[in-house]
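As structure tokens, the structure follows; a few thoughts come after it.
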Amino acid sequence: MIVKKNFSPFKIWQYIKSPMYFVLVWSFAVWMFFYIFNWKFLNLNFAPVGILGSALAIFVAFRNNSSYARWWEARTIWGGIVNSSRVLARLVITFTDSHSHQPNYEKQRSEDFKKELVKLSIAWVHSLRLHLRNQHDWEQLETFMDEADFQQLISVQNKPNFLQLQIGRKIYGGMANGILGGFDSFQMEGQLLALANYQGGCERIKNTPLPRQYDFFTRMFVLVFSALLPFGVMGFFTNTPNLS
Amino acid sequence: MIVKKNFSPFKIWQYIKSPMYFVLVWSFAVWMFFYIFNWKFLNLNFAPVGILGSALAIFVAFRNNSSYARWWEARTIWGGIVNSSRVLARLVITFTDSHSHQPNYEKQRSEDFKKELVKLSIAWVHSLRLHLRNQHDWEQLETFMDEADFQQLISVQNKPNFLQLQIGRKIYGGMANGILGGFDSFQMEGQLLALANYQGGCERIKNTPLPRQYDFFTRMFVLVFSALLPFGVMGFFTNTPNLS
Amino acid sequence: MIVKKNFSPFKIWQYIKSPMYFVLVWSFAVWMFFYIFNWKFLNLNFAPVGILGSALAIFVAFRNNSSYARWWEARTIWGGIVNSSRVLARLVITFTDSHSHQPNYEKQRSEDFKKELVKLSIAWVHSLRLHLRNQHDWEQLETFMDEADFQQLISVQNKPNFLQLQIGRKIYGGMANGILGGFDSFQMEGQLLALANYQGGCERIKNTPLPRQYDFFTRMFVLVFSALLPFGVMGFFTNTPNLS
Amino acid sequence: MIVKKNFSPFKIWQYIKSPMYFVLVWSFAVWMFFYIFNWKFLNLNFAPVGILGSALAIFVAFRNNSSYARWWEARTIWGGIVNSSRVLARLVITFTDSHSHQPNYEKQRSEDFKKELVKLSIAWVHSLRLHLRNQHDWEQLETFMDEADFQQLISVQNKPNFLQLQIGRKIYGGMANGILGGFDSFQMEGQLLALANYQGGCERIKNTPLPRQYDFFTRMFVLVFSALLPFGVMGFFTNTPNLS
Amino acid sequence: MIVKKNFSPFKIWQYIKSPMYFVLVWSFAVWMFFYIFNWKFLNLNFAPVGILGSALAIFVAFRNNSSYARWWEARTIWGGIVNSSRVLARLVITFTDSHSHQPNYEKQRSEDFKKELVKLSIAWVHSLRLHLRNQHDWEQLETFMDEADFQQLISVQNKPNFLQLQIGRKIYGGMANGILGGFDSFQMEGQLLALANYQGGCERIKNTPLPRQYDFFTRMFVLVFSALLPFGVMGFFTNTPNLS
């Protein structure tokens with residue numbers, strides 16, 4: 001489970017404390033000007049605050065929806081990587097085993113081939129993680145491939161891409177020496193293609209934040225709204241006594 | 001029909017009674033403070049309650065939409081499992097029968113093959129159900145496969161995955177001994193792939209709840225809104241008489 | 001054209017008359033209590049009605065959007081059935097004719113084959129219609145297939161599924177006796193798969209109504225809103241004279 | 001560019017003039033009753049107009065969104081027809097040329113074949129245009145095919161469908177006489193399928209307008225809203241002087 | 001990173017200064033008429049401004065959502081071009097190398113083939129860029145292909161289309177002379193198709209702006225709203241003093 005069930009109020013406070021302090025201090029200041037120093041001209045009608053609030057609502061609702069859509073798309077891509085990795089591993093196993101009745105079948109060679117491919121596809125997932133996080137602990141991938149492959153890997157720039165190429169090469173190697181055969185490569189390519197598209201999706205989501213305008217104007221509007229709200233609300237408290 | 005047509009009001013009351021009690025008790029308490037103890041300073045203008053209500057509306061509408069989208073996606077995946085299982089069963093039958101004119105066709109062997117594969121695909125659906133519900137009544141699956149397969153099944157961790165692998169193996173076994181032939185395995189793989197993707201979709205929806213922030217803040221806002229509402233509404237009843 | 005252009009106001013009245021009667025009678029009753037019997041305590045401020053109206057707006061907008069999305073999805077599936085049926089018929093014709101240059105081509109046999117398959121695909125559409133409407137006039141399908149097939153059809157439960165199986169069998173029969181050849185079955189399977197998925201989509205939409213909660217609470221809120229509205233509006237008419 | 005950049009205010013006025021006249025005349029009439037004839041009982045509070053306005057907003061926003069979605073879907077289908085036509089033409093050219101090294105290659109025959117197919121796919125687009133517009137100027141298609149095909153074309157009902165069938169036949173003719181070979185037909189079928197689905201999408205959008213209810217009730221609500229608005233606004237002008 | 005993190009307030013001011021000047025000057029003018037020249041009849045109630053504001057909110061929210069959806073679709077297409085180009089390059093390399101064990105393999109020829117195809121696919125991306133921007137610096141593409149291809153390229157109209165055709169021809173050339181073999185062309189066609197569809201998507205988004213009506217009416221409504229707002233707000237300031 002990725003999202004924890006328990007939600008400590010203390011942690012939430014850590015998260016929201018700086019805007020809360022600002023709002024409390026500011027509201028108190030406005031109240032003081034109003035009642036202590038009796039600056040009645042600060043009295044502001046609620047309507048303009050209401051208009052600003054509506055504009056804000058559009059912005060906030062939009063951010064909310066687009067953030068969630070983006071998060072869910074990322075989650076779906078992640079789920080897709082799980083699926084395609086599983087299917088690729090299954091295809092490697094069934095396809096290799098399906099040629100066990102052929103004359104040139106060598107059990108050890110085929111078992112090594114299965115292990116090698118599954119390990120490379122694990123390495124691909126790890127390399128994608130490091131790639132997306134801009135981390136460079138590539139030595140984590142050393143256990144998943146032989147020395148020659150690893151030396152090549154650390155010399156290239158886009159590691160996940162290189163591993164895809166390497167998996168493709170191994171598959172066609174298998175086609176050539178009879179470990180695989182028929183349409184095996186064709187079907188495994190389908191999963192490699194899916195994984196490549198998921199990688200592209202991850203990079204797209206990571207490299208393209210919500211346009212900064214949405215962030216900037218939303219923050220500015222929230223700030224202005226919070227700053228004006230005490231005046232607007234203050235207006236009510238002063239009007240009501242006057243009426244009675 | 002999954003959703004019952006009849007909707008007992010009693011059941012709805014069970015579902016909503018605790019917040020209803022809270023709201024009734026609290027409204028009565030506010031009324032008492034106001035009219036019995038005459039604490040006029042509790043008089044609150046309606047406007048701040050209205051602002052909170054708008055903020056709440058955004059949260060509630062969002063939760064509503066995203067819950068429904070999630071539910072409908074899950075329903076679509078479920079429908080997809082029905083479709084792909086049907087198609088897989090149809091392909092098993094037509095493909096096996098389509099080789100009945102070939103010299104090495106053995107009627108009994110082919111009939112057993114059809115039964116075995118269809119049973120395994122039924123077992124897959126049941127295993128997915130148990131897997132998603134974290135239930136461990138794997139003996140339910142015993143009737144759908146032979147003893148050797150079942151012993152292997154209970155020793156592995158991801159049961160649905162293992163059954164997919166097993167179905168794949170049987171298909172390639174059929175390709176090898178002539179029960180199937182040509183592109184049969186290729187087309188059946190398409191349905192296995194679809195089922196694997198549906199399994200991934202189920203796991204994704206089950207394991208990834210709506211982020212807890214949405215739940216926490218929505219509940220908190222609803223609570224604060226319900227607590228403030230009586231003060232806001234009370235304000236109207238006291239203002240109107242004053243005006244006349 | 002499915003949706004008629006002319007929209008008789010009389011028909012609309014038939015559709016909306018019972019809630020209209022309720023609203024008119026109730027409004028008149030409230031007005032009578034207010035002005036005739038002079039029960040001034042019924043005077044209710046408009047604000048709580050407004051809050052309820054906002055809650056209602058979220059529910060109504062949601063129902064509106066999800067109903068339309070569901071209707072359009074159903075329409076798209078229906079359009080998809082039209083497309084895939086056309087394409088299947090086109091493939092049957094071009095594929096059968098494309099083997100006319102081969103030695104074992106028999107014109108009459110191929111023409112019969114084309115007619116048989118196209119008729120079965122028409123039967124499939126009709127069976128889907130009856131299946132979705134829970135109708136059992138299966139004799140309507142008798143003209144689309146030979147007697148043996150029809151006898152089998154009425155003995156099985158899911159008729160559209162059986163017809164798909166039957167179409168698949170005919171195709172592989174054609175592959176075996178040389179009416180078809182090469183990759184013909186492979187490509188026709190693609191359309192059978194599409195039709196099977198559309199059938200699943202139809203069943204999903206038909207069997208899964210909008211969750212009853214949405215219906216129940218929306219109706220309840222509309223009722224409460226309509227019942228409170230006259231009190232809220234009455235409040236305005238009594239306040240305004242007092243002010244002048 | 002389909003949508004013109006320049007937007008003449010005069011043209012807009014033509015488009016909106018009749019509702020504008022209605023609104024102006026009606027507002028003036030209400031003002032006259034109010035101030036000239038002094039019918040004070042027409043004074044209506046703004047709140048009910050506001051409620052109607054909210055209901056209207058839901059309808060209008062829904063129509064706006066669904067119209068745009070429908071327009072964009074149609075635009076996407078149109079773009080898809082462009083793409084698939086291009087790809088089909090490209091495949092015709094590369095596939096025909098790719099067999100130029102084979103013994104039975106005849107340059108003139110292959111060039112004619114390419115021209116014939118590309119012309120037929122142009123004819124398909126034009127026939128779809130005429131078909132969707134219910135126009136019958138089929139002689140426009142005469143230049144795109146030989147006389148025999150054209151005579152057949154004008155005798156069938158669904159012209160675009162017939163042209164698809166004809167393109168399919170030519171392709172399998174080419175497979176038979178060696179102009180094409182291998183998997184060429186298989187890949188070209190993919191584009192024919194795409195075009196058939198786009199045709200279905202066009203027919204769906206054209207034949208299925210937004211349900212009439214949305215249109216009827218939206219127009220009625222807008223009418224009622226426009227008719228009530230002057231009364232509601234009038235109320236403000238009379239209240240404010242009374243207060244000062 | 002495409003979107004810069006730092007957002008200079010000065011640049012924002014450049015962007016929003018002309019509407020800001022208008023709003024400031026207009027608000028001051030309204031204030032002057034009101035307080036200096038004492039034109040009390042300008043006093044406008046806030047309610048009509050509120051209604052206009054709601055209509056505006058629907059338009060603005062719609063524009064916001066559809067602009068974002070369009071931007072994100074364009075971004076997804078761009079990401080898709082990256083993916084498909086990568087996959088195409090990977091397929092060129094693995095497929096060419098996979099035939100290295102065949103008798104007619106010539107290392108130099110195959111290496112040249114790989115380079116030529118990858119260069120052409122780079123040229124395609126550049127040509128799409130120039131094509132979409134209506135730029136004509138086609139000499140930028142000269143380094144990516146041999147002289148004969150380039151001369152042909154500058155003579156055709158739709159450059160990206162021609163390059164796709166050229167890539168297709170090279171692939172089938174490779175199939176003919178044994179550099180490629182089996183189903184290689186079939187799988188590479190899949191990526192060419194994807195790239196063709198992305199090109200169509202780019203052209204669609206570029207050539208089809210949001211319908212001008214949305215732009216025109218939104219601007220007009222914003223203008224009218226900004227012009228009326230000072231009157232509406234002014235009304236509050238004059239009412240409140242009168243009450244106290």
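Labels for the structure tokens follow display order: chains A, B, ..., residues from 1 in each chain, ligands from 1.
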* To do: Would you give me, as a PyMOL selection string, the residues of chain B that come within 6 Å of chain C, using only C-alpha atoms?
  => chain B and resi 1+83+90+94+98
* Asked: Among segment 18-179 of chain A, which ones does DSSP place in helix (DSSP H, G or I), written as an MDAnalysis selection string?
  -> chainID A and resid 18:36 40:42 46:98 107:132 138:144 147:155 159:177
Output file for the residues above (C-alpha atoms, as a compact mmCIF listing (two decimals), in the first residue's frame):
# COMPACT_ATOMS: atom_id res chain seq x y z
CA SER A 18 3.22 28.64 7.77
CA PRO A 19 0.05 29.77 5.95
CA MET A 20 -1.91 29.26 9.19
CA TYR A 21 0.45 31.54 11.15
CA PHE A 22 0.19 34.19 8.44
CA VAL A 23 -3.61 34.06 8.46
CA LEU A 24 -3.86 34.22 12.26
CA VAL A 25 -1.41 37.09 12.67
CA TRP A 26 -2.98 39.06 9.83
CA SER A 27 -6.54 38.56 11.06
CA PHE A 28 -5.52 39.71 14.52
CA ALA A 29 -3.80 42.79 13.10
CA VAL A 30 -6.90 43.74 11.09
CA TRP A 31 -9.07 43.27 14.16
CA MET A 32 -6.75 45.49 16.17
CA PHE A 33 -6.76 48.30 13.64
CA PHE A 34 -10.50 48.07 13.59
CA TYR A 35 -11.49 47.87 17.22
CA ILE A 36 -8.49 49.22 19.12
CA LYS A 40 -13.52 52.53 10.55
CA PHE A 41 -12.52 53.38 6.96
CA LEU A 42 -11.01 49.87 6.74
CA PHE A 46 -18.04 41.53 1.44
CA ALA A 47 -19.05 41.53 -2.27
CA PRO A 48 -15.61 42.18 -3.85
CA VAL A 49 -14.11 39.47 -1.66
CA GLY A 50 -16.89 37.20 -2.94
CA ILE A 51 -16.02 37.94 -6.60
CA LEU A 52 -12.36 37.23 -5.94
CA GLY A 53 -13.43 34.03 -4.19
CA SER A 54 -15.30 32.90 -7.30
CA ALA A 55 -12.32 33.57 -9.55
CA LEU A 56 -10.24 31.66 -7.05
CA ALA A 57 -12.68 28.74 -7.06
CA ILE A 58 -12.22 28.29 -10.82
CA PHE A 59 -8.46 28.26 -10.45
CA VAL A 60 -8.44 25.96 -7.44
CA ALA A 61 -10.93 23.50 -8.96
CA PHE A 62 -8.91 23.40 -12.15
CA ARG A 63 -5.64 22.75 -10.29
CA ASN A 64 -7.32 20.09 -8.23
CA ASN A 65 -8.72 18.27 -11.26
CA SER A 66 -5.61 18.50 -13.38
CA SER A 67 -3.31 17.45 -10.52
CA TYR A 68 -5.46 14.42 -9.84
CA ALA A 69 -5.66 13.52 -13.56
CA ARG A 70 -1.88 13.77 -13.80
CA TRP A 71 -1.38 11.70 -10.66
CA TRP A 72 -3.77 9.02 -11.88
CA GLU A 73 -2.14 8.96 -15.31
CA ALA A 74 1.24 8.44 -13.64
CA ARG A 75 -0.25 5.68 -11.48
CA THR A 76 -1.73 4.02 -14.57
CA ILE A 77 1.64 4.14 -16.34
CA TRP A 78 3.27 2.60 -13.30
CA GLY A 79 0.64 -0.14 -13.27
CA GLY A 80 1.29 -0.63 -16.98
CA ILE A 81 5.00 -1.17 -16.32
CA VAL A 82 4.10 -3.84 -13.75
CA ASN A 83 1.80 -5.55 -16.28
CA SER A 84 4.14 -5.45 -19.24
CA SER A 85 7.09 -6.63 -17.15
CA ARG A 86 5.05 -9.57 -15.92
CA VAL A 87 3.84 -10.44 -19.41
CA LEU A 88 7.35 -10.11 -20.84
CA ALA A 89 8.69 -12.47 -18.16
CA ARG A 90 5.87 -14.93 -18.85
CA LEU A 91 6.55 -14.84 -22.59
CA VAL A 92 10.27 -15.40 -22.03
CA ILE A 93 9.51 -18.50 -19.95
CA THR A 94 6.76 -20.06 -22.11
CA PHE A 95 8.46 -19.27 -25.43
CA THR A 96 11.84 -20.65 -24.37
CA ASP A 97 10.25 -23.77 -22.91
CA SER A 98 8.04 -24.26 -25.97
CA LYS A 107 18.49 -27.15 -21.41
CA GLN A 108 21.27 -25.20 -19.69
CA ARG A 109 21.56 -22.65 -22.46
CA SER A 110 17.81 -22.01 -22.44
CA GLU A 111 17.67 -21.70 -18.66
CA ASP A 112 20.51 -19.16 -18.74
CA PHE A 113 18.70 -17.27 -21.49
CA LYS A 114 15.53 -17.03 -19.43
CA LYS A 115 17.42 -15.81 -16.37
CA GLU A 116 19.43 -13.29 -18.38
CA LEU A 117 16.36 -11.73 -20.00
CA VAL A 118 14.30 -11.56 -16.82
CA LYS A 119 17.26 -9.99 -15.00
CA LEU A 120 17.68 -7.41 -17.75
CA SER A 121 14.03 -6.48 -17.54
CA ILE A 122 14.41 -6.01 -13.77
CA ALA A 123 17.48 -3.87 -14.47
CA TRP A 124 15.39 -1.79 -16.88
CA VAL A 125 12.86 -0.95 -14.17
CA HIS A 126 15.61 0.04 -11.73
CA SER A 127 17.38 2.10 -14.38
CA LEU A 128 14.13 3.91 -15.14
CA ARG A 129 13.75 4.73 -11.43
CA LEU A 130 17.28 6.15 -11.23
CA HIS A 131 16.86 7.95 -14.56
CA LEU A 132 13.63 9.68 -13.48
CA TRP A 138 24.22 2.76 -11.50
CA GLU A 139 26.26 0.20 -9.53
CA GLN A 140 22.87 -1.01 -8.24
CA LEU A 141 22.33 -2.51 -11.70
CA GLU A 142 25.62 -4.44 -11.73
CA THR A 143 24.11 -7.64 -10.35
CA PHE A 144 21.52 -7.83 -13.12
CA GLU A 147 30.35 -7.37 -16.84
CA ALA A 148 30.54 -6.50 -20.56
CA ASP A 149 26.96 -5.23 -20.66
CA PHE A 150 27.48 -3.20 -17.50
CA GLN A 151 30.60 -1.48 -18.86
CA GLN A 152 28.65 -0.50 -21.95
CA LEU A 153 25.72 0.65 -19.84
CA ILE A 154 27.70 3.13 -17.76
CA SER A 155 29.18 4.66 -20.93
CA LYS A 159 20.37 3.96 -19.61
CA PRO A 160 16.79 2.61 -19.89
CA ASN A 161 16.95 2.99 -23.68
CA PHE A 162 20.21 1.09 -23.83
CA LEU A 163 18.78 -1.75 -21.73
CA GLN A 164 15.81 -1.96 -24.10
CA LEU A 165 18.22 -2.22 -27.00
CA GLN A 166 20.15 -4.90 -25.13
CA ILE A 167 16.98 -6.91 -24.39
CA GLY A 168 16.05 -6.64 -28.09
CA ARG A 169 19.51 -7.88 -29.09
CA LYS A 170 19.32 -10.87 -26.75
CA ILE A 171 15.91 -11.79 -28.15
CA TYR A 172 17.21 -11.72 -31.73
CA GLY A 173 20.29 -13.62 -30.58
CA GLY A 174 17.90 -16.24 -29.25
CA MET A 175 16.01 -16.27 -32.55
CA ALA A 176 19.29 -16.83 -34.42
CA ASN A 177 20.67 -19.70 -32.35
